[in-house]
Amino acid sequence: MSAIFNFTFVPWFRSVAPYIHMHRGKTFVLGMAGEAVAAGKLQHIAQDIALIQSMGVKVVLVHGFRPQVNEQLKAKGHAARYSHGMRITDEVALDCAQEAAGQLRYEIEAAFSQGLPNTPMAGSTVRVISGNFITARPVGILDGVDFQHSGMVRKVDVAGIKRTIDLGALVLLSPFGFSPTGEAFNLTMEEVATSVAIALQADKLVFLTEIPGVRTRPLEAEGEDNPIDTELPLAAAEQLLASLPPASNPSDTGFYLQHCVKACKAGVERSHIIPFAVDGSLLLEVYVHDGIGTMVVDEKLEELREATADDVGGILQLIEPFEKDGTLVKRDRTEIERDIANYTIIDHDGVIFACAALYPYPEARTGEMAALTVSPQSQGQGDGEKILRRVEQRARAMGLESIFVLTTRTMHWFLKRGFVQVDPDWLPEARKRKYNWDRKSMVFVKKLT
Ligand SMILES: CC(C)(COP(=O)(O)OP(=O)(O)OC[C@H]1O[C@@H](n2cnc3c(N)ncnc32)[C@H](O)[C@@H]1OP(=O)(O)O)[C@@H](O)C(=O)NCCC(=O)NCCS
């Protein structure tokens with residue numbers, strides 16, 4: 001083993017440790033689009049889920065089967081019929097759905113049963129348990145269209161699922177539900193996953209999808225200057241949904257987003273949309289700081305928002321002690337009043353207990369994050385990180401490629417969050433002219449990917 005490997009592997013593994021500790025004992029509901037299996041991604045996804053489970057996460061996996069049902073229908077020469085963005089499940093389609101679900105269940109169980117030496121599954125023991133955990137009701141007749149065997153979730157057997165995942169098993173659900181009369185109904189993977197996540201009050205709902213996430217400017221074409229928005233606050237996600245046309249196709253921006261918003265509003269704090277096309281996307285989303293797809297997050301206890309003129313007094317009060325001890329450069333009231341629109345704050349019942357400002361330098365495609373402060377009584381609870389993420393979001397929306405900070409005492413906090421040190425010469429010309437060479441602040445930059 002080379003010495004270089006030790007130097008890269010050990011710090012890398014340790015950097016993942018906080019996430020391993022954080023997720024242990026938590027419940028994740030994963031919704032995997034049937035397209036992921038059709039695209040041949042099942043083996044790697046199963047390996048990643050097995051790894052997550054072995055690190056103490058309780059997993060409910062819901063699989064989709066849209067392409068598999070369509071394939072069966074095609075083989076039978078029967079056309080797939082849709083209305084109101086839903087499948088109309090007639091007798092033939094129900095047959096096809098049952099066949100597709102049976103086949104997929106075997107494939108998924110087989111994937112979790114691998115265990116060859118020298119593979120990521122060696123030594124893993126994932127017990128997969130499926131069952132009649134979902135009670136369904138018929139969609140019925142909508143605008144004169146009879147949806148026949150298409151159904152909606154009526155009830156989730158929370159106690160049954162909890163008992164099963166507490167035993168250490170993985171619960172695997174097909175998009176099927178049964179009525180008290182013993183009829184089977186065809187459901188959608190998205191609805192089942194969302195309902196189960198809400199019923200269990202899961203810690204995360206994750207959709208493994210054919211789309212990479214939601215872009216910063218969702219209605220514009222994809223491109224390097226329009227990256228994936230890694231974190232969408234619930235309010236912003238709701239606003240975005242309202243501005244989008246109704247989503248009926250899985251590739252529509254609002255398709256998975258509507259389920260994420262629904263889950264978040266009903267108490268699932270974090271819902272994610274990630275691409276199955278990227279190998280290891282689940283691991284990247286769960287164990288890496290910025291993740292890979294889009295996370296809709298409900299910040300319910302306090303309000304994270306842009307500052308207004310009314311907040312000047314609160315900001316001054318918050319930063320003053322840190323100006324006095326030299327951690328922050330002195331700013332007077334008129335300066336903060338003038339720049340108030342640049343500030344992001346966290347406010348709890350009218351008290352501001354965290355802030356940061358973003359000063360863009362568009363000519364250099366970068367921006368300075370300044371005056372980052374969390375009040376001493378609430379430090380260490382992740383508020384600094386929340387403010388940083390929001391500032392990054394604001395910078396991305398402005399088309400900036402990086403943010404930088406000047407610091408004399410907080411370098412390690414920034415290093416841990418993906419910043420790297422650069423020479424003060426790196427600063428944009430306009431900022432360099434104001435650089436205080438006596439203060440000898442260090443400059444740290446974070447690229448916004
Ligand atoms: C730096 C600061 C904004 C972090 O806010 P926070 O809400 O406490 O941060 P988070 O909760 O997201 O992160 C807490 C972690 O950062 C660490 N941390 C806090 N201050 C740190 C510092 N100066 N250097 C290195 N790490 C620091 C904590 O020990 C904690 O680590 P842990 O998770 O391993 O226990 C806050 O400590 C602060 O306001 N400091 C004074 C003002 C300041 O230095 N601003 C930056 C000017 S450039």
# chains A, B, ... in the order shown; residues from 1 in each chain; ligands from 1
$ residues_near_ligand --ligand "ligand 1" --cutoff "10 Å" --atoms "only C-alpha atoms and all ligand atoms" --output "JSON, numbers by chain"
{"A": [18, 318, 319, 321, 322, 323, 325, 326, 327, 328, 329, 353, 354, 355, 356, 369, 370, 371, 372, 373, 374, 375, 376, 377, 378, 379, 380, 381, 382, 383, 384, 385, 386, 387, 388, 404, 405, 406, 407, 408, 409, 410, 411, 412, 413, 414, 415, 416, 417, 441, 442, 443, 444]}
$ write_last_selection --atoms "C-alpha atoms" --output "compact mmCIF listing (two decimals), in the first residue's frame"
# COMPACT_ATOMS: atom_id res chain seq x y z
CA PRO A 18 -19.91 13.22 11.13
CA LEU A 318 -25.21 40.82 17.17
CA ILE A 319 -21.89 41.77 15.58
CA PRO A 321 -19.05 42.06 20.61
CA PHE A 322 -17.10 40.44 17.77
CA GLU A 323 -16.02 43.85 16.44
CA ASP A 325 -12.68 41.68 20.33
CA GLY A 326 -11.27 42.16 16.81
CA THR A 327 -12.81 39.06 15.21
CA LEU A 328 -14.79 41.26 12.81
CA VAL A 329 -13.87 44.55 11.16
CA PHE A 353 -29.17 35.48 16.12
CA ALA A 354 -27.16 34.95 12.95
CA CYS A 355 -26.17 37.04 9.93
CA ALA A 356 -23.81 37.31 6.97
CA MET A 369 -19.08 36.77 2.37
CA ALA A 370 -18.57 39.22 5.24
CA ALA A 371 -19.72 39.67 8.82
CA LEU A 372 -20.62 36.00 9.28
CA THR A 373 -21.78 35.84 12.89
CA VAL A 374 -23.80 33.50 15.08
CA SER A 375 -24.72 34.71 18.56
CA PRO A 376 -22.60 33.00 21.25
CA GLN A 377 -25.59 31.30 22.93
CA SER A 378 -26.61 29.51 19.74
CA GLN A 379 -23.23 28.62 18.25
CA GLY A 380 -22.50 25.00 17.44
CA GLN A 381 -26.02 24.13 16.32
CA GLY A 382 -25.48 24.42 12.57
CA ASP A 383 -26.72 27.99 12.11
CA GLY A 384 -23.39 29.18 10.72
CA GLU A 385 -23.66 26.41 8.15
CA LYS A 386 -27.28 27.33 7.29
CA ILE A 387 -26.34 30.95 6.67
CA LEU A 388 -23.36 29.84 4.56
CA PHE A 404 -14.43 34.28 -0.64
CA VAL A 405 -13.90 35.34 2.96
CA LEU A 406 -11.21 37.29 4.80
CA THR A 407 -10.53 35.96 8.25
CA THR A 408 -7.96 36.22 11.02
CA ARG A 409 -9.36 33.61 13.45
CA THR A 410 -11.92 31.35 11.86
CA MET A 411 -9.86 29.64 9.15
CA HIS A 412 -10.58 26.09 10.29
CA TRP A 413 -14.33 26.57 10.17
CA PHE A 414 -14.03 27.61 6.52
CA LEU A 415 -11.51 24.88 5.63
CA LYS A 416 -13.96 22.28 6.95
CA ARG A 417 -16.63 23.66 4.65
CA SER A 441 -6.33 38.59 7.05
CA MET A 442 -6.14 35.25 5.32
CA VAL A 443 -8.18 34.80 2.16
CA PHE A 444 -10.23 31.65 1.62
$ select_by_dssp --residues "region 267-441 of chain A" --states "strand (DSSP E)" --output "ChimeraX atom specification"
/A:270-275,294-297,303-306,343-348,351-361,366-374,402-407,420-422
$ residues_around --residues "region 40-54 of chain A" --least-positions-apart "3" --cutoff "8 Å" --atoms "only C-alpha atoms" --output "list in words"
Ala36, Val37, Val57, Lys58, Val59, Ile108, Ala111, Phe112, Pro120, Met121, Ser124, Val126, Phe276, Ala277, Asp279, Gly280, Leu282 and Leu283 of chain A
$ residues_around --residues "region 392-396 of chain A" --least-positions-apart "2" --cutoff "8 Å" --atoms "only C-alpha atoms" --output "PyMOL selection string"
chain A and resi 216+229+231+358+360+366-367+388-390+398-403+448
$ select_by_dssp --residues "region 40-160 of chain A" --states "helix (DSSP H, G or I)" --output "number ranges by chain"
A: 42-54, 66-75, 91-112, 158-160
$ closest_residue --among "A:Phe419, A:Phe147, A:Phe176, A:Tyr19" --to "Ser130 (chain A)" --atoms "only C-alpha atoms"
A:Phe176
$ residues_around --residues "Asp146 (chain A)" --least-positions-apart "4" --cutoff "10 Å" --atoms "only C-alpha atoms" --output "NGL selection string"
:A and (83 or 88-90 or 138-142 or 150)
$ write_last_selection --atoms "all heavy atoms" --output "PDB file, in the first residue's frame"
ATOM      1  N   SER A  83     -54.672   9.500 -18.225  1.00  0.00           N
ATOM      2  CA  SER A  83     -55.518  10.693 -18.161  1.00  0.00           C
ATOM      3  C   SER A  83     -55.181  11.419 -16.866  1.00  0.00           C
ATOM      4  O   SER A  83     -54.780  10.774 -15.879  1.00  0.00           O
ATOM      5  CB  SER A  83     -56.997  10.293 -18.180  1.00  0.00           C
ATOM      6  OG  SER A  83     -57.790  11.464 -18.185  1.00  0.00           O
ATOM      7  N   ILE A  88     -54.473   4.757 -16.560  1.00  0.00           N
ATOM      8  CA  ILE A  88     -55.783   4.125 -16.396  1.00  0.00           C
ATOM      9  C   ILE A  88     -55.501   2.629 -16.383  1.00  0.00           C
ATOM     10  O   ILE A  88     -54.992   2.067 -17.357  1.00  0.00           O
ATOM     11  CB  ILE A  88     -56.734   4.472 -17.570  1.00  0.00           C
ATOM     12  CG1 ILE A  88     -56.946   5.997 -17.629  1.00  0.00           C
ATOM     13  CG2 ILE A  88     -58.063   3.740 -17.433  1.00  0.00           C
ATOM     14  CD1 ILE A  88     -57.714   6.472 -18.841  1.00  0.00           C
ATOM     15  N   THR A  89     -55.801   1.989 -15.241  1.00  0.00           N
ATOM     16  CA  THR A  89     -55.444   0.576 -15.100  1.00  0.00           C
ATOM     17  C   THR A  89     -56.669  -0.307 -15.391  1.00  0.00           C
ATOM     18  O   THR A  89     -57.499  -0.528 -14.507  1.00  0.00           O
ATOM     19  CB  THR A  89     -54.898   0.284 -13.687  1.00  0.00           C
ATOM     20  OG1 THR A  89     -53.934   1.276 -13.353  1.00  0.00           O
ATOM     21  CG2 THR A  89     -54.251  -1.088 -13.607  1.00  0.00           C
ATOM     22  N   ASP A  90     -56.739  -0.784 -16.631  1.00  0.00           N
ATOM     23  CA  ASP A  90     -57.823  -1.720 -16.941  1.00  0.00           C
ATOM     24  C   ASP A  90     -57.351  -3.133 -16.563  1.00  0.00           C
ATOM     25  O   ASP A  90     -56.252  -3.306 -16.003  1.00  0.00           O
ATOM     26  CB  ASP A  90     -58.241  -1.595 -18.418  1.00  0.00           C
ATOM     27  CG  ASP A  90     -57.052  -1.782 -19.351  1.00  0.00           C
ATOM     28  OD1 ASP A  90     -56.051  -2.395 -18.917  1.00  0.00           O
ATOM     29  OD2 ASP A  90     -57.098  -1.322 -20.510  1.00  0.00           O
ATOM     30  N   PRO A 138     -59.887   3.226  -4.581  1.00  0.00           N
ATOM     31  CA  PRO A 138     -59.846   3.512  -6.022  1.00  0.00           C
ATOM     32  C   PRO A 138     -59.786   5.012  -6.302  1.00  0.00           C
ATOM     33  O   PRO A 138     -60.307   5.809  -5.525  1.00  0.00           O
ATOM     34  CB  PRO A 138     -61.176   2.935  -6.528  1.00  0.00           C
ATOM     35  CG  PRO A 138     -62.045   2.788  -5.325  1.00  0.00           C
ATOM     36  CD  PRO A 138     -61.163   2.643  -4.136  1.00  0.00           C
ATOM     37  N   VAL A 139     -59.126   5.370  -7.404  1.00  0.00           N
ATOM     38  CA  VAL A 139     -59.162   6.772  -7.856  1.00  0.00           C
ATOM     39  C   VAL A 139     -60.602   7.101  -8.222  1.00  0.00           C
ATOM     40  O   VAL A 139     -61.105   8.193  -7.981  1.00  0.00           O
ATOM     41  CB  VAL A 139     -58.228   6.979  -9.080  1.00  0.00           C
ATOM     42  CG1 VAL A 139     -58.422   8.354  -9.697  1.00  0.00           C
ATOM     43  CG2 VAL A 139     -56.775   6.763  -8.685  1.00  0.00           C
ATOM     44  N   GLY A 140     -61.293   6.111  -8.832  1.00  0.00           N
ATOM     45  CA  GLY A 140     -62.705   6.295  -9.187  1.00  0.00           C
ATOM     46  C   GLY A 140     -62.871   6.915 -10.568  1.00  0.00           C
ATOM     47  O   GLY A 140     -62.040   6.701 -11.462  1.00  0.00           O
ATOM     48  N   ILE A 141     -63.912   7.694 -10.693  1.00  0.00           N
ATOM     49  CA  ILE A 141     -64.217   8.309 -11.993  1.00  0.00           C
ATOM     50  C   ILE A 141     -63.974   9.804 -11.880  1.00  0.00           C
ATOM     51  O   ILE A 141     -64.543  10.476 -11.022  1.00  0.00           O
ATOM     52  CB  ILE A 141     -65.690   8.035 -12.386  1.00  0.00           C
ATOM     53  CG1 ILE A 141     -65.911   6.519 -12.479  1.00  0.00           C
ATOM     54  CG2 ILE A 141     -66.049   8.721 -13.698  1.00  0.00           C
ATOM     55  CD1 ILE A 141     -67.363   6.113 -12.553  1.00  0.00           C
ATOM     56  N   LEU A 142     -63.063  10.316 -12.741  1.00  0.00           N
ATOM     57  CA  LEU A 142     -62.748  11.751 -12.728  1.00  0.00           C
ATOM     58  C   LEU A 142     -63.156  12.351 -14.054  1.00  0.00           C
ATOM     59  O   LEU A 142     -62.695  11.890 -15.112  1.00  0.00           O
ATOM     60  CB  LEU A 142     -61.246  11.986 -12.551  1.00  0.00           C
ATOM     61  CG  LEU A 142     -60.579  11.690 -11.203  1.00  0.00           C
ATOM     62  CD1 LEU A 142     -59.112  12.114 -11.249  1.00  0.00           C
ATOM     63  CD2 LEU A 142     -61.288  12.407 -10.077  1.00  0.00           C
ATOM     64  N   SER A 150     -56.766   1.784 -10.942  1.00  0.00           N
ATOM     65  CA  SER A 150     -55.768   2.743 -10.427  1.00  0.00           C
ATOM     66  C   SER A 150     -56.253   3.214  -9.067  1.00  0.00           C
ATOM     67  O   SER A 150     -57.447   3.489  -8.903  1.00  0.00           O
ATOM     68  CB  SER A 150     -55.653   3.963 -11.349  1.00  0.00           C
ATOM     69  OG  SER A 150     -55.151   3.574 -12.591  1.00  0.00           O
TER      70      SER A 150
END
$ closest_residue --among "A:Ser174, A:Arg163, A:Glu35, A:Ala341" --to "Glu99 (chain A)" --atoms "only C-alpha atoms"
A:Ser174
$ atom_distance --atom1 "CA of Pro180 (chain A)" --atom2 "CA of His63 (chain A)"
23.3 Å
$ residues_around --residues "region 211-214 of chain A" --least-positions-apart "5" --cutoff "9 Å" --atoms "only C-alpha atoms" --output "PyMOL selection string"
chain A and resi 227-230+232+250-254+257+272-278+292-295
$ write_last_selection --atoms "C-alpha atoms" --output "compact mmCIF listing (two decimals), in the first residue's frame"
# COMPACT_ATOMS: atom_id res chain seq x y z
CA PRO A 227 -26.24 24.45 -11.93
CA ILE A 228 -28.38 22.22 -9.73
CA ASP A 229 -29.77 24.04 -6.70
CA THR A 230 -28.50 21.82 -3.90
CA LEU A 232 -34.31 24.67 -1.69
CA PRO A 250 -41.37 12.46 -14.70
CA SER A 251 -38.95 14.71 -16.59
CA ASP A 252 -41.00 17.83 -15.74
CA THR A 253 -39.30 19.97 -13.08
CA GLY A 254 -42.36 19.95 -10.85
CA LEU A 257 -40.78 18.46 -6.50
CA HIS A 272 -34.24 14.94 -2.01
CA ILE A 273 -34.30 14.53 -5.79
CA ILE A 274 -31.13 12.83 -7.05
CA PRO A 275 -30.09 11.32 -10.38
CA PHE A 276 -29.73 7.54 -10.66
CA ALA A 277 -27.54 8.12 -13.74
CA VAL A 278 -24.64 9.21 -11.51
CA ILE A 292 -25.38 16.08 -5.67
CA GLY A 293 -29.10 16.64 -6.25
CA THR A 294 -31.68 19.00 -4.81
CA MET A 295 -32.78 18.91 -1.16
$ residues_around --residues "region 153-162 of chain A" --least-positions-apart "2" --cutoff "8 Å" --atoms "only C-alpha atoms" --output "PyMOL selection string"
chain A and resi 133-137+151+164-166+171+177+187+191-192+195-196+199-200
$ write_last_selection --atoms "N, CA and C atoms" --output "PDB file, in the first residue's frame"
ATOM      1  N   PHE A 133     -48.514  -3.659   3.377  1.00  0.00           N
ATOM      2  CA  PHE A 133     -48.445  -2.554   4.336  1.00  0.00           C
ATOM      3  C   PHE A 133     -49.322  -1.366   3.924  1.00  0.00           C
ATOM      4  N   ILE A 134     -49.827  -1.396   2.683  1.00  0.00           N
ATOM      5  CA  ILE A 134     -50.567  -0.229   2.178  1.00  0.00           C
ATOM      6  C   ILE A 134     -52.024  -0.599   1.909  1.00  0.00           C
ATOM      7  N   THR A 135     -52.936   0.189   2.476  1.00  0.00           N
ATOM      8  CA  THR A 135     -54.348   0.035   2.132  1.00  0.00           C
ATOM      9  C   THR A 135     -54.667   1.088   1.079  1.00  0.00           C
ATOM     10  N   ALA A 136     -55.385   0.661   0.032  1.00  0.00           N
ATOM     11  CA  ALA A 136     -55.645   1.594  -1.074  1.00  0.00           C
ATOM     12  C   ALA A 136     -57.143   1.811  -1.256  1.00  0.00           C
ATOM     13  N   ARG A 137     -57.451   2.887  -1.967  1.00  0.00           N
ATOM     14  CA  ARG A 137     -58.835   3.117  -2.386  1.00  0.00           C
ATOM     15  C   ARG A 137     -58.791   3.445  -3.868  1.00  0.00           C
ATOM     16  N   GLY A 151     -55.329   3.302  -8.128  1.00  0.00           N
ATOM     17  CA  GLY A 151     -55.762   3.648  -6.771  1.00  0.00           C
ATOM     18  C   GLY A 151     -54.924   4.744  -6.144  1.00  0.00           C
ATOM     19  N   THR A 164     -40.837  -3.870  11.526  1.00  0.00           N
ATOM     20  CA  THR A 164     -39.959  -4.576  10.583  1.00  0.00           C
ATOM     21  C   THR A 164     -38.602  -3.885  10.459  1.00  0.00           C
ATOM     22  N   ILE A 165     -38.617  -2.538  10.326  1.00  0.00           N
ATOM     23  CA  ILE A 165     -37.299  -1.874  10.182  1.00  0.00           C
ATOM     24  C   ILE A 165     -36.535  -1.883  11.510  1.00  0.00           C
ATOM     25  N   ASP A 166     -37.278  -1.888  12.627  1.00  0.00           N
ATOM     26  CA  ASP A 166     -36.585  -1.948  13.922  1.00  0.00           C
ATOM     27  C   ASP A 166     -35.872  -3.287  14.112  1.00  0.00           C
ATOM     28  N   VAL A 171     -37.541  -2.773   4.348  1.00  0.00           N
ATOM     29  CA  VAL A 171     -38.902  -2.964   3.843  1.00  0.00           C
ATOM     30  C   VAL A 171     -38.937  -2.562   2.369  1.00  0.00           C
ATOM     31  N   GLY A 177     -51.575  -1.420  -3.594  1.00  0.00           N
ATOM     32  CA  GLY A 177     -52.260  -1.382  -2.314  1.00  0.00           C
ATOM     33  C   GLY A 177     -53.484  -2.264  -2.416  1.00  0.00           C
ATOM     34  N   LEU A 187     -50.820   1.759  -7.784  1.00  0.00           N
ATOM     35  CA  LEU A 187     -50.544   3.108  -7.256  1.00  0.00           C
ATOM     36  C   LEU A 187     -49.309   3.664  -7.966  1.00  0.00           C
ATOM     37  N   GLU A 191     -46.377   8.467  -4.969  1.00  0.00           N
ATOM     38  CA  GLU A 191     -47.392   8.651  -3.927  1.00  0.00           C
ATOM     39  C   GLU A 191     -47.128   7.703  -2.750  1.00  0.00           C
ATOM     40  N   VAL A 192     -46.765   6.452  -3.069  1.00  0.00           N
ATOM     41  CA  VAL A 192     -46.508   5.494  -1.982  1.00  0.00           C
ATOM     42  C   VAL A 192     -45.331   5.984  -1.131  1.00  0.00           C
ATOM     43  N   SER A 195     -46.360   9.048   0.939  1.00  0.00           N
ATOM     44  CA  SER A 195     -47.290   8.721   2.034  1.00  0.00           C
ATOM     45  C   SER A 195     -46.583   7.957   3.147  1.00  0.00           C
ATOM     46  N   VAL A 196     -45.707   7.032   2.764  1.00  0.00           N
ATOM     47  CA  VAL A 196     -44.998   6.253   3.788  1.00  0.00           C
ATOM     48  C   VAL A 196     -44.066   7.167   4.584  1.00  0.00           C
ATOM     49  N   ALA A 199     -46.255   9.175   6.902  1.00  0.00           N
ATOM     50  CA  ALA A 199     -46.841   8.356   7.966  1.00  0.00           C
ATOM     51  C   ALA A 199     -45.785   7.964   9.012  1.00  0.00           C
ATOM     52  N   LEU A 200     -44.574   7.663   8.540  1.00  0.00           N
ATOM     53  CA  LEU A 200     -43.509   7.267   9.484  1.00  0.00           C
ATOM     54  C   LEU A 200     -42.836   8.478  10.121  1.00  0.00           C
TER      55      LEU A 200
END
$ closest_residue --among "A:Pro117, A:Pro424, A:Pro175, A:Gly350" --to "Trp437 (chain A)" --atoms "only C-alpha atoms"
A:Pro424
$ atom_distance --atom1 "CA of Gly56 (chain A)" --atom2 "CA of Glu190 (chain A)"
24.7 Å
$ decode --residues "region 136-157 of chain A" --atoms "N, CA, C and O atoms" --output "mmCIF file, in the first residue's frame"
data_model
loop_
_atom_site.group_PDB
_atom_site.id
_atom_site.type_symbol
_atom_site.label_atom_id
_atom_site.label_comp_id
_atom_site.auth_asym_id
_atom_site.auth_seq_id
_atom_site.Cartn_x
_atom_site.Cartn_y
_atom_site.Cartn_z
ATOM 1 N N ALA A 136 -55.385 0.661 0.032
ATOM 2 C CA ALA A 136 -55.645 1.594 -1.074
ATOM 3 C C ALA A 136 -57.143 1.811 -1.256
ATOM 4 O O ALA A 136 -57.970 1.036 -0.779
ATOM 5 N N ARG A 137 -57.451 2.887 -1.967
ATOM 6 C CA ARG A 137 -58.835 3.117 -2.386
ATOM 7 C C ARG A 137 -58.791 3.445 -3.868
ATOM 8 O O ARG A 137 -57.751 3.897 -4.386
ATOM 9 N N PRO A 138 -59.887 3.226 -4.581
ATOM 10 C CA PRO A 138 -59.846 3.512 -6.022
ATOM 11 C C PRO A 138 -59.786 5.012 -6.302
ATOM 12 O O PRO A 138 -60.307 5.809 -5.525
ATOM 13 N N VAL A 139 -59.126 5.370 -7.404
ATOM 14 C CA VAL A 139 -59.162 6.772 -7.856
ATOM 15 C C VAL A 139 -60.602 7.101 -8.222
ATOM 16 O O VAL A 139 -61.105 8.193 -7.981
ATOM 17 N N GLY A 140 -61.293 6.111 -8.832
ATOM 18 C CA GLY A 140 -62.705 6.295 -9.187
ATOM 19 C C GLY A 140 -62.871 6.915 -10.568
ATOM 20 O O GLY A 140 -62.040 6.701 -11.462
ATOM 21 N N ILE A 141 -63.912 7.694 -10.693
ATOM 22 C CA ILE A 141 -64.217 8.309 -11.993
ATOM 23 C C ILE A 141 -63.974 9.804 -11.880
ATOM 24 O O ILE A 141 -64.543 10.476 -11.022
ATOM 25 N N LEU A 142 -63.063 10.316 -12.741
ATOM 26 C CA LEU A 142 -62.748 11.751 -12.728
ATOM 27 C C LEU A 142 -63.156 12.351 -14.054
ATOM 28 O O LEU A 142 -62.695 11.890 -15.112
ATOM 29 N N ASP A 143 -63.981 13.375 -14.042
ATOM 30 C CA ASP A 143 -64.451 14.024 -15.276
ATOM 31 C C ASP A 143 -64.927 12.997 -16.294
ATOM 32 O O ASP A 143 -64.593 13.095 -17.488
ATOM 33 N N GLY A 144 -65.601 11.993 -15.831
ATOM 34 C CA GLY A 144 -66.152 10.996 -16.750
ATOM 35 C C GLY A 144 -65.164 9.905 -17.143
ATOM 36 O O GLY A 144 -65.520 8.972 -17.865
ATOM 37 N N VAL A 145 -63.899 10.010 -16.659
ATOM 38 C CA VAL A 145 -62.908 8.969 -17.007
ATOM 39 C C VAL A 145 -62.847 7.961 -15.850
ATOM 40 O O VAL A 145 -62.541 8.341 -14.707
ATOM 41 N N ASP A 146 -63.088 6.682 -16.143
ATOM 42 C CA ASP A 146 -63.048 5.648 -15.105
ATOM 43 C C ASP A 146 -61.622 5.103 -15.010
ATOM 44 O O ASP A 146 -61.100 4.518 -15.964
ATOM 45 N N PHE A 147 -60.993 5.303 -13.864
ATOM 46 C CA PHE A 147 -59.598 4.866 -13.716
ATOM 47 C C PHE A 147 -59.491 3.392 -13.310
ATOM 48 O O PHE A 147 -58.390 2.877 -13.120
ATOM 49 N N GLN A 148 -60.601 2.734 -13.166
ATOM 50 C CA GLN A 148 -60.673 1.297 -12.897
ATOM 51 C C GLN A 148 -59.773 0.849 -11.739
ATOM 52 O O GLN A 148 -60.031 1.190 -10.601
ATOM 53 N N HIS A 149 -58.676 0.129 -12.031
ATOM 54 C CA HIS A 149 -57.843 -0.411 -10.948
ATOM 55 C C HIS A 149 -56.705 0.531 -10.523
ATOM 56 O O HIS A 149 -55.773 0.095 -9.845
ATOM 57 N N SER A 150 -56.766 1.784 -10.942
ATOM 58 C CA SER A 150 -55.768 2.743 -10.427
ATOM 59 C C SER A 150 -56.253 3.214 -9.067
ATOM 60 O O SER A 150 -57.447 3.489 -8.903
ATOM 61 N N GLY A 151 -55.329 3.302 -8.128
ATOM 62 C CA GLY A 151 -55.762 3.648 -6.771
ATOM 63 C C GLY A 151 -54.924 4.744 -6.144
ATOM 64 O O GLY A 151 -53.978 5.275 -6.738
ATOM 65 N N MET A 152 -55.310 5.089 -4.925
ATOM 66 C CA MET A 152 -54.577 6.069 -4.117
ATOM 67 C C MET A 152 -54.333 5.431 -2.743
ATOM 68 O O MET A 152 -55.096 4.547 -2.340
ATOM 69 N N VAL A 153 -53.322 5.936 -2.038
ATOM 70 C CA VAL A 153 -53.040 5.381 -0.708
ATOM 71 C C VAL A 153 -54.126 5.834 0.260
ATOM 72 O O VAL A 153 -54.477 7.013 0.296
ATOM 73 N N ARG A 154 -54.685 4.893 1.034
ATOM 74 C CA ARG A 154 -55.661 5.281 2.036
ATOM 75 C C ARG A 154 -55.038 5.234 3.435
ATOM 76 O O ARG A 154 -55.275 6.075 4.254
ATOM 77 N N LYS A 155 -54.212 4.238 3.657
ATOM 78 C CA LYS A 155 -53.628 4.080 4.990
ATOM 79 C C LYS A 155 -52.290 3.350 4.897
ATOM 80 O O LYS A 155 -52.127 2.477 4.041
ATOM 81 N N VAL A 156 -51.393 3.708 5.759
ATOM 82 C CA VAL A 156 -50.098 3.025 5.815
ATOM 83 C C VAL A 156 -50.025 2.305 7.161
ATOM 84 O O VAL A 156 -50.346 2.896 8.194
ATOM 85 N N ASP A 157 -49.605 1.055 7.136
ATOM 86 C CA ASP A 157 -49.476 0.286 8.384
ATOM 87 C C ASP A 157 -48.160 0.689 9.063
ATOM 88 O O ASP A 157 -47.123 0.025 8.929
#
